[in-house]
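Everything on this sheet refers to the single structure shown next.
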Amino acid sequence: WFVHRKFENLKIEILENDIHALQTSKWDEVYNKAVTLRTSAVLKNIRCCSDEWRETFGIAANDGLSVSHLMAVIFYCDYLDLSHDFRKTFQKRSFSEPDDVLLARHSSFANMARLLRETVECFGTPLSTNKSQVFYHGISETHVFHSIHA
């Protein structure tokens, strides 16, 4: 499925979103954090490792992370309520919810979703080449695990 974006760019999407909007001051904080992080030695060395995404995303081999890509990651990681509302747009609210309603809701976060996918696809490390097989995901609810298998 292709999800048409509701907002022209990430900034408008974050500031005017009808599902979860942030204040301009939060946008400015994240922008400044992304600009600072982008100049760090670690992030300067993160490059797109393949030309396979040039046609799909317009990102060529050896291109670096953009400020927009970093901002999408920061919004996703640092703003838990925003992240939660973003993730909810990927799921139907009920089994009978029509696909077009789901797509319309997700269009409210189409820019952020695109940037996050590009970040993972173009700048991420394939699982097959990752020496560490430990992965983390935030959990904001209490869960009871009856057993754990390692």
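Please note that chains go A, B, ... in the order of the structure tokens, that every chain numbers its residues from 1, and that ligands are numbered from 1 in the order shown.
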Do a neighbour search on range 78-94 of chain A at 7 Å with only C-alpha atoms, toss out local chain neighbours closer than 4 positions, and write the hits as a ChimeraX atom specification.
-> /A:20,74,102,105-106,109
Work out how far CA of Lys11 in chain A is from CA of Trp27 in chain A, in Å to one decimal.
-> 7.5 Å
Using 12 Å as the limit and counting only C-alpha atoms, can you tabulate each residue of range 99-124 of chain A that touches range 48-67 of chain A, with its shortest atom-to-atom distance in Å and the two atoms involved, as a tab-separated table?
```
residue	atom	partner	partner_atom	distance
A:Arg114	CA	A:Phe57	CA	9.0
A:Leu115	CA	A:Ser66	CA	9.5
A:Leu116	CA	A:Leu65	CA	11.2
A:Arg117	CA	A:Phe57	CA	9.8
A:Glu118	CA	A:Phe57	CA	7.1
A:Thr119	CA	A:Leu65	CA	7.5
A:Val120	CA	A:Cys48	CA	10.0
A:Glu121	CA	A:Trp53	CA	8.1
A:Cys122	CA	A:Cys48	CA	5.1
A:Phe123	CA	A:Cys48	CA	4.9
A:Gly124	CA	A:Cys48	CA	8.2
```
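Each of A:Glu16, A:Leu43, A:Glu8, A:Cys77 was checked against Val30 in chain A using only C-alpha atoms; the smallest atom-to-atom distance is that of A:Cys77.
Omitting Asn9 in chain A and its sequence neighbours fewer than 3 positions away, and counting only C-alpha atoms, the residues within 8 Å are Ile12, Glu13 and Asn111 of chain A.
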Selection file, C-alpha atoms, as a PDB file, in the first residue's frame:
```pdb
ATOM      1  CA  ILE A  12       3.870  20.739   9.559  1.00  0.00           C
ATOM      2  CA  GLU A  13       3.029  17.122  10.413  1.00  0.00           C
ATOM      3  CA  ASN A 111       6.336  11.842   6.618  1.00  0.00           C
TER       4      ASN A 111
END
```
Residue with the minimum atom-to-atom distance to Asp18 in chain A, picked from A:Met112, A:Lys131, A:Lys6, A:Val101 with only C-alpha atoms counted, is A:Lys6
Give me every helix (DSSP H, G or I) residue in chain A, going by DSSP on the backbone, as a ChimeraX atom specification.
-> /A:10-16,24-38,41-44,51-57,67-78,80-88,99-123,127-129
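The two atoms in question, CA of Ala34 in chain A and CA of Pro126 in chain A, are spaced 23.8 Å apart.
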Write out as number ranges by chain the residues lying within 7 Å of Arg5 in chain A, counting only C-alpha atoms and excluding same-chain residues fewer than 4 positions away.
-> A: 107-108, 110-111
Long-range neighbours of Leu15 in chain A as a PyMOL selection string, 10 Å cut-off, only C-alpha atoms, 4 positions minimum in chain = chain A and resi 10-11+20-27
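CA of Phe2 in chain A lies 19.8 Å from CA of His69 in chain A.
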